[in-house]
Amino acid sequence: MARMKLSRRCSCSVLVLLLIHLGAALEVPLDLPQPPTITNQSPKDYIIDPRDNILIQCDAKGNPAPRFSWTRNGTHFNIDKDPRVMMKPDSGTLLIDIVGGGKAETYEGEYQCTARNDRGTAVSNQIVIRQSRSPMWAKEKIEPKMVQEGAPLVLHCDPPSGLPPPIIFWMDNSMQRFTQDARVSQGLNGDLYFSNVQPEDTRADYICYARFNHTQTIQQKQPISVKVMTHSLVGERRPNILTPKGSSSRKTVLRGQTLYLECIAEGLPTPVISWTKEGGELPAHRVFEINFKKTLKIIRVSEADAGKYRCTAKNYLGTSSHVITVNVKAAPYWINEPKNLVLAPGEDGRLICRAHGNPKPTITWMVNSFPIDNAPSDISRKIMDDTISFTKVQVSSSAVYQCNASNVHGYLLANAFVNVLAETPRMLSEPDQVYQVIANKPALLDCAFFGSPIPQIQWFKDNQGSVLHGESYELHENGTLEIAFSQKNDSGIYTCVATNTHGVVQNQAILQIKDPTTIIKQPRYQSVQTMGTATFECKVKHDSTLSPTIIWLKNNEELPDDSRHRPSGDVLTIFDVSEEDQGSYTCVVNTTLDTNSATAVLTVLDRPDPPADLELTNPRDRSVQLSWIPGEEHNSPIQKFVIEYEEDQFEPGLWRHLTDVEGIETTAALQLSPFVNYVFRVVAVNEIGRSEPSLPSEHYYTQPAAPDKNPSGVEGLGTDPNNLVITWEPLKGVEHNGPGLTYKVSWRQKVGDDEWTSMMVANVSKYIVSGTPEFSPYELKVQAFNSFGAAPEPEIVIGYSGEDLPMVAPSNVRVHVVNSTLAKVHWDPVPPKTVRGILQGYKIYYRKQGSLIKRNKQHTEMKILIFSKDKSHGMLPGLEPFSLYKLNVRAFNGKGEGPASADVTLRTPEGVPSLPENLKITSPMLDSLTLQWDPPLHPNGILKGYTLKYQPINSTHELGPLVEITIPAENETTWTLRNLNYSTRYKFYLNAFTSVGAGSKLTEEAITVMDEAMASRQVDIATQGWFIGLMCAIALLILILLIVCFIKRNKGGKYPVKEKEDAHADPEIQPMKEDDGAFGEYSDTEDHKPLKGSRTPSDGTVKKGVSDDSLVDYGEGGEGQFNEDGSFIGQYSGKKEKETVEGNESSEAPSPVNAMNSFV
């Protein structure tokens, strides 16, 4: 469509559409007077099926409605006189009844339709009606073709002339098409060409078929018999062109048609055809070499395709060529087809009818179906070859003009009317149309109009007074406004105004610019194993007013309809992936305005298919070559081939590995053993896994021979001091190399024995030599024999006769005490000659005899530590302080332990004691409290006494000054504190000490009573009924309180645990106030840290805490080894103790129950 661009450099402020009548072709509304216009007609060359009714189409529009008539072969066709011909109502279409008994050939001819009203007459093309014909071959007798092997042959088809021409193909009696190739192919004329015949071409059923598509019939020629004679072979020869004949030929083709150039050659070997164009290149993208390069096909031929084309046939003996000169002619084709012309009275205009062709077409004009020279004269009309000019037309100038451009190859006929009208502007587009456009895309706002004179068009936006113009806007002749790259700010209301001398009319359009739909996360390439899961994602961003739909495609087609492919919006999941799922997957996002897509490829990986066609070649005595054809790799390259074998003599049914070869190999030279009946198979391996095994190969038997190797793993080791057991790994079955396998076992002492002693054995893998001296070295060898000879001389190995127990114990055993839990033991190694075997190490046996405090003997379990043979000392860890131990040292070899050394006594020094036990606070009084406890369970020395520290806790949980008391150890496990404040909580810290130092602290809290009366009744109250009832009531209230607290805590309420913990902080970081000595912060140089979280149980006992003086743990009863520094070589166990760590104790306020217990 022609356009007119408006430049910003335009000096005028009003955009006016300047319509040139030459290109203006307005659609006249049908309610206005207008001449006829042909809207539908049958093709010029109309081939009909003689069995069907004939339908000749001719439709037209106009106002008044057109009247129709027909001519046949140039004369009027009176359809009223033929009862088989009917014209459709309101149409010129003819329906001719053939099915009811009419004969199609009666109605063959040239038809032309005429449509007229009082404003003019339009005519159709000249429609030539011909019936389709499918004649049969004439009967003929075809002689058999006798041809020498290697000679050329042409089987002629000579199909009957049909309308349209038939499609030719060759088949046999079984209706199977013959396979065609470079040697045998069909020509354009239907003949079957053999460049050279071969014995397999002999057959009696070469049949040429002609298919007539129009009548859907197939005709066949009589079968042709060909017999190839092989007794006299036609020799090799250079090519010769069979068709076209001669060295050159000519061919004419019409512009726009498809050109076929053919060149078929004979020769032996079969020639290869190539094409060139002399003085130019073959047209790219329009040329194709088909029929095994024997045919050159050029589509949409143009004048530039004329020239000389050379085909060359070549084999190794020479070449032959043929030149085809192509002439391109042309039926007429339009350069300027005349358009309907709408003029107002007094206007000027013109009709142009311009066409090209080869030869140049002749232009003739008609008016209202009559030659213009015979038409009534019109002073407003002037004819100049292909142009008619009109000046100051009037209503009487309305008419239909026909332009005919013709040459020898065809004709063109065009109707164009001149319609003289005086009409006010009118809008043909719907008012207030809404246009939704994606940003950066063209926006086209319609403004279809009509008026005579042709109105001027102007566009406005949002009621602005200025006309739209500039590079951003383009106005088309039909009134459409185009915005090439629409943006968001182009949204709004647009007004189209049409103006001519008779009036003004306007129309509005609403433009909405939308955000484009984009794929922000595209599906990605997937590489998935079979039976795996593939997932593709397609995340989309779109305009909020648009609703996208996502469609998933596979290879640009719909997804398979099965349960494995599950699209769910922007996600596609493929379950149980199989090989058929491989391909490209596309997510297509559609909205009402735009579409977007993204594609990803799914590659399915699988194990390779098994190799096939195993073949054995190059047989040798001990080797054979195996070849195979690899199976499909399934997108994962084959890394290697595994060759396995099975033999039927030693382990039938068991496949064993033979060798591996690289994945690029397809053959392997296999090294084999004698006397084996082999069968082979091949397994392909890729990254995914192993293929199924191939089918087994044929059997391959190797001849027997002497053994190639001797048994491996020969060893000599005695089980008793007077024997030597010789063992070996027997040969595998395929290593026997022949029948009658035996072993020759030979031995001699390494020192002092020159002669070998030998024994032949069979079916065993050990031999026992008796009467040997203890632990003596022997030279050993084992040689294989079979019925065909001996294996090579075997290697000599060294073995030893049996060991005996060591004779002596380590001497000069001494002990150095390192600390209270660790000692170091020294000894002198045993002499090597007394070991009577291979020394493996030393063992220290030790046992605790008892404590140095109680002086009583304890029969504890004996413990063992093992040390390597190169050690002469070792560490004993985990000893108990202030205890008596006895120990000895023993050497051991493979046979066992030697005698023990003399016992050595070990005394460990004192250590710090453990926690005091069972601290209780009893007899609470107004100003005193009594503490009771038990001595430490492990004093670890002589107990010197106890250290008791205490400090008050006020109502705000602050700690007061710390008081320290030392209590002698002489039977003192009770202490009463006096001069205490009444009704006051105290915190107590108690630990024991020896001369080495103090142990861990034990803590407790208690409260003095409120007054003397309460103190005097504290024993009696507990037995009173009312007190028991009161306690029950308090317990009930406490239970209710706990439930309420629990509910509040679950609802987010606070429970002041943290505040209480902070109140019971370490007394060392709470110094007293300097001015008044009242309760406040206190610090001490000693480590007095209260335990967090400690509470007094209702029975008054104190639970034992965790000590910070823990011992190293060892596994008791096991054997262990230590290095010189005391680290373990073996295992050791001892008792594990935990003592209270003062810094981890808590001073949290006691519960009401604990408070009441302090009064009991």
# chains A, B, ... in the order shown; residues from 1 in each chain; ligands from 1

call {"tool": "residues_around", "arguments": {"residues": "region 453-459 of chain A", "least_positions_apart": "3", "cutoff": "9 Å", "atoms": "only C-alpha atoms", "output": "ChimeraX atom specification"}}
result
/A:14-19,26,342-345,347,421-425,447,449-450,466-469,475,479,481,494-504

call {"tool": "residues_around", "arguments": {"residues": "region 276-283 of chain A", "least_positions_apart": "6", "cutoff": "10 Å", "atoms": "only C-alpha atoms", "output": "PyMOL selection string"}}
result
chain A and resi 296+298-299+301+304-312+323-325

call {"tool": "residues_around", "arguments": {"residues": "region 377-393 of chain A", "least_positions_apart": "4", "cutoff": "9 Å", "atoms": "only C-alpha atoms", "output": "list in words"}}
result
Leu343, Ala344, Pro345, Gly346, Glu347, Asp348, Gly349, Arg350, Leu351, Ile352, Cys353, Arg354, Ala355, Ile363, Thr364, Trp365, Ile372, Asp373, Ser397, Ser398, Cys403 and Val420 of chain A

call {"tool": "closest_atom_pairs", "arguments": {"of": "region 162-253 of chain A", "to": "region 133-138 of chain A", "cutoff": "8 Å", "atoms": "only C-alpha atoms", "output": "tab-separated table"}}
result
residue	atom	partner	partner_atom	distance
A:Gly162	CA	A:Ser134	CA	5.2
A:Leu163	CA	A:Arg133	CA	5.0
A:Pro164	CA	A:Arg133	CA	7.4
A:Pro166	CA	A:Ser134	CA	8.0
A:Phe212	CA	A:Ser134	CA	6.1
A:Thr215	CA	A:Ser134	CA	7.3
A:Thr217	CA	A:Ser134	CA	7.3
A:Gln219	CA	A:Met136	CA	6.0
A:Gln220	CA	A:Trp137	CA	7.3
A:Lys221	CA	A:Trp137	CA	6.3

call {"tool": "write_last_selection", "arguments": {"atoms": "C-alpha atoms", "output": "PDB file, in the first residue's frame"}}
result
ATOM      1  CA  GLY A 162      -3.899 -37.197 -20.721  1.00  0.00           C
ATOM      2  CA  LEU A 163      -5.484 -33.999 -19.491  1.00  0.00           C
ATOM      3  CA  PRO A 164      -3.771 -33.015 -17.283  1.00  0.00           C
ATOM      4  CA  PRO A 166      -0.267 -38.160 -15.782  1.00  0.00           C
ATOM      5  CA  PHE A 212      -4.353 -39.413 -13.508  1.00  0.00           C
ATOM      6  CA  THR A 215     -10.062 -38.632 -12.327  1.00  0.00           C
ATOM      7  CA  THR A 217      -7.447 -43.463 -12.002  1.00  0.00           C
ATOM      8  CA  GLN A 219      -3.391 -47.065 -16.006  1.00  0.00           C
ATOM      9  CA  GLN A 220      -0.576 -49.568 -16.544  1.00  0.00           C
ATOM     10  CA  LYS A 221       1.607 -50.638 -19.420  1.00  0.00           C
TER      11      LYS A 221
END

call {"tool": "closest_residue", "arguments": {"among": "A:Thr659, A:Asn635, A:Ser249, A:Gln526", "to": "Thr599 (chain A)", "atoms": "only C-alpha atoms"}}
result
A:Gln526

call {"tool": "residues_around", "arguments": {"residues": "region 778-783 of chain A", "least_positions_apart": "6", "cutoff": "8 Å", "atoms": "only C-alpha atoms", "output": "PyMOL selection string"}}
result
chain A and resi 710-711+714-716+726+728+743-750+790-801

call {"tool": "select_by_dssp", "arguments": {"residues": "region 589-631 of chain A", "states": "strand (DSSP E)", "output": "list in words"}}
result
Val589, Asn590, Thr595, Asn596, Ser597, Ala598, Thr599, Ala600, Val601, Leu602, Thr603, Val604, Leu605, Ala612, Asp613, Leu614, Glu615, Leu616, Thr617, Ser623, Val624, Gln625, Leu626, Ser627, Trp628 and Ile629 of chain A

call {"tool": "write_last_selection", "arguments": {"atoms": "N, CA and C atoms", "output": "short mmCIF file (atom, residue, chain, number, x, y, z; two decimals), in the first residue's frame"}}
result
data_model
loop_
_atom_site.label_atom_id
_atom_site.label_comp_id
_atom_site.auth_asym_id
_atom_site.auth_seq_id
_atom_site.Cartn_x
_atom_site.Cartn_y
_atom_site.Cartn_z
N VAL A 589 4.01 -18.31 25.40
CA VAL A 589 3.20 -17.45 26.27
C VAL A 589 2.35 -16.57 25.36
N ASN A 590 1.05 -16.68 25.49
CA ASN A 590 0.12 -15.92 24.65
C ASN A 590 -0.72 -15.01 25.51
N THR A 595 2.75 -12.51 21.81
CA THR A 595 3.17 -13.87 22.13
C THR A 595 4.68 -13.88 22.28
N ASN A 596 5.17 -14.78 23.10
CA ASN A 596 6.61 -14.94 23.30
C ASN A 596 6.88 -16.42 23.52
N SER A 597 8.07 -16.81 23.23
CA SER A 597 8.38 -18.23 23.39
C SER A 597 9.85 -18.40 23.70
N ALA A 598 10.17 -19.51 24.32
CA ALA A 598 11.55 -19.89 24.62
C ALA A 598 11.64 -21.40 24.51
N THR A 599 12.76 -21.85 24.02
CA THR A 599 12.94 -23.28 23.73
C THR A 599 14.18 -23.82 24.43
N ALA A 600 14.07 -25.01 24.93
CA ALA A 600 15.21 -25.72 25.51
C ALA A 600 15.18 -27.16 24.99
N VAL A 601 16.33 -27.76 24.99
CA VAL A 601 16.47 -29.12 24.44
C VAL A 601 16.61 -30.11 25.58
N LEU A 602 15.92 -31.20 25.45
CA LEU A 602 16.04 -32.31 26.40
C LEU A 602 16.83 -33.43 25.72
N THR A 603 17.95 -33.76 26.34
CA THR A 603 18.76 -34.88 25.85
C THR A 603 18.59 -36.03 26.84
N VAL A 604 18.21 -37.17 26.33
CA VAL A 604 17.98 -38.35 27.18
C VAL A 604 19.20 -39.25 27.10
N LEU A 605 19.76 -39.49 28.27
CA LEU A 605 20.94 -40.35 28.36
C LEU A 605 20.54 -41.74 28.79
N ALA A 612 26.95 -55.76 18.50
CA ALA A 612 26.35 -56.82 17.67
C ALA A 612 27.39 -57.36 16.69
N ASP A 613 27.00 -58.46 16.06
CA ASP A 613 27.79 -59.07 14.97
C ASP A 613 29.23 -59.35 15.39
N LEU A 614 29.43 -60.11 16.46
CA LEU A 614 30.77 -60.50 16.89
C LEU A 614 31.36 -61.46 15.87
N GLU A 615 32.63 -61.22 15.53
CA GLU A 615 33.30 -62.05 14.53
C GLU A 615 34.73 -62.32 14.97
N LEU A 616 35.18 -63.59 14.83
CA LEU A 616 36.53 -64.01 15.18
C LEU A 616 37.34 -64.18 13.90
N THR A 617 38.51 -63.52 13.87
CA THR A 617 39.39 -63.61 12.70
C THR A 617 40.83 -63.77 13.18
N SER A 623 46.07 -66.66 20.43
CA SER A 623 45.43 -65.37 20.22
C SER A 623 44.40 -65.49 19.12
N VAL A 624 43.49 -64.52 19.10
CA VAL A 624 42.49 -64.42 18.06
C VAL A 624 42.02 -62.97 18.04
N GLN A 625 41.59 -62.50 16.89
CA GLN A 625 41.07 -61.13 16.81
C GLN A 625 39.56 -61.15 16.84
N LEU A 626 39.00 -60.32 17.73
CA LEU A 626 37.55 -60.21 17.89
C LEU A 626 37.12 -58.84 17.39
N SER A 627 36.10 -58.80 16.53
CA SER A 627 35.55 -57.54 16.05
C SER A 627 34.05 -57.52 16.30
N TRP A 628 33.48 -56.32 16.34
CA TRP A 628 32.06 -56.17 16.65
C TRP A 628 31.57 -54.84 16.08
N ILE A 629 30.25 -54.66 16.07
CA ILE A 629 29.63 -53.40 15.66
C ILE A 629 29.02 -52.76 16.90
#
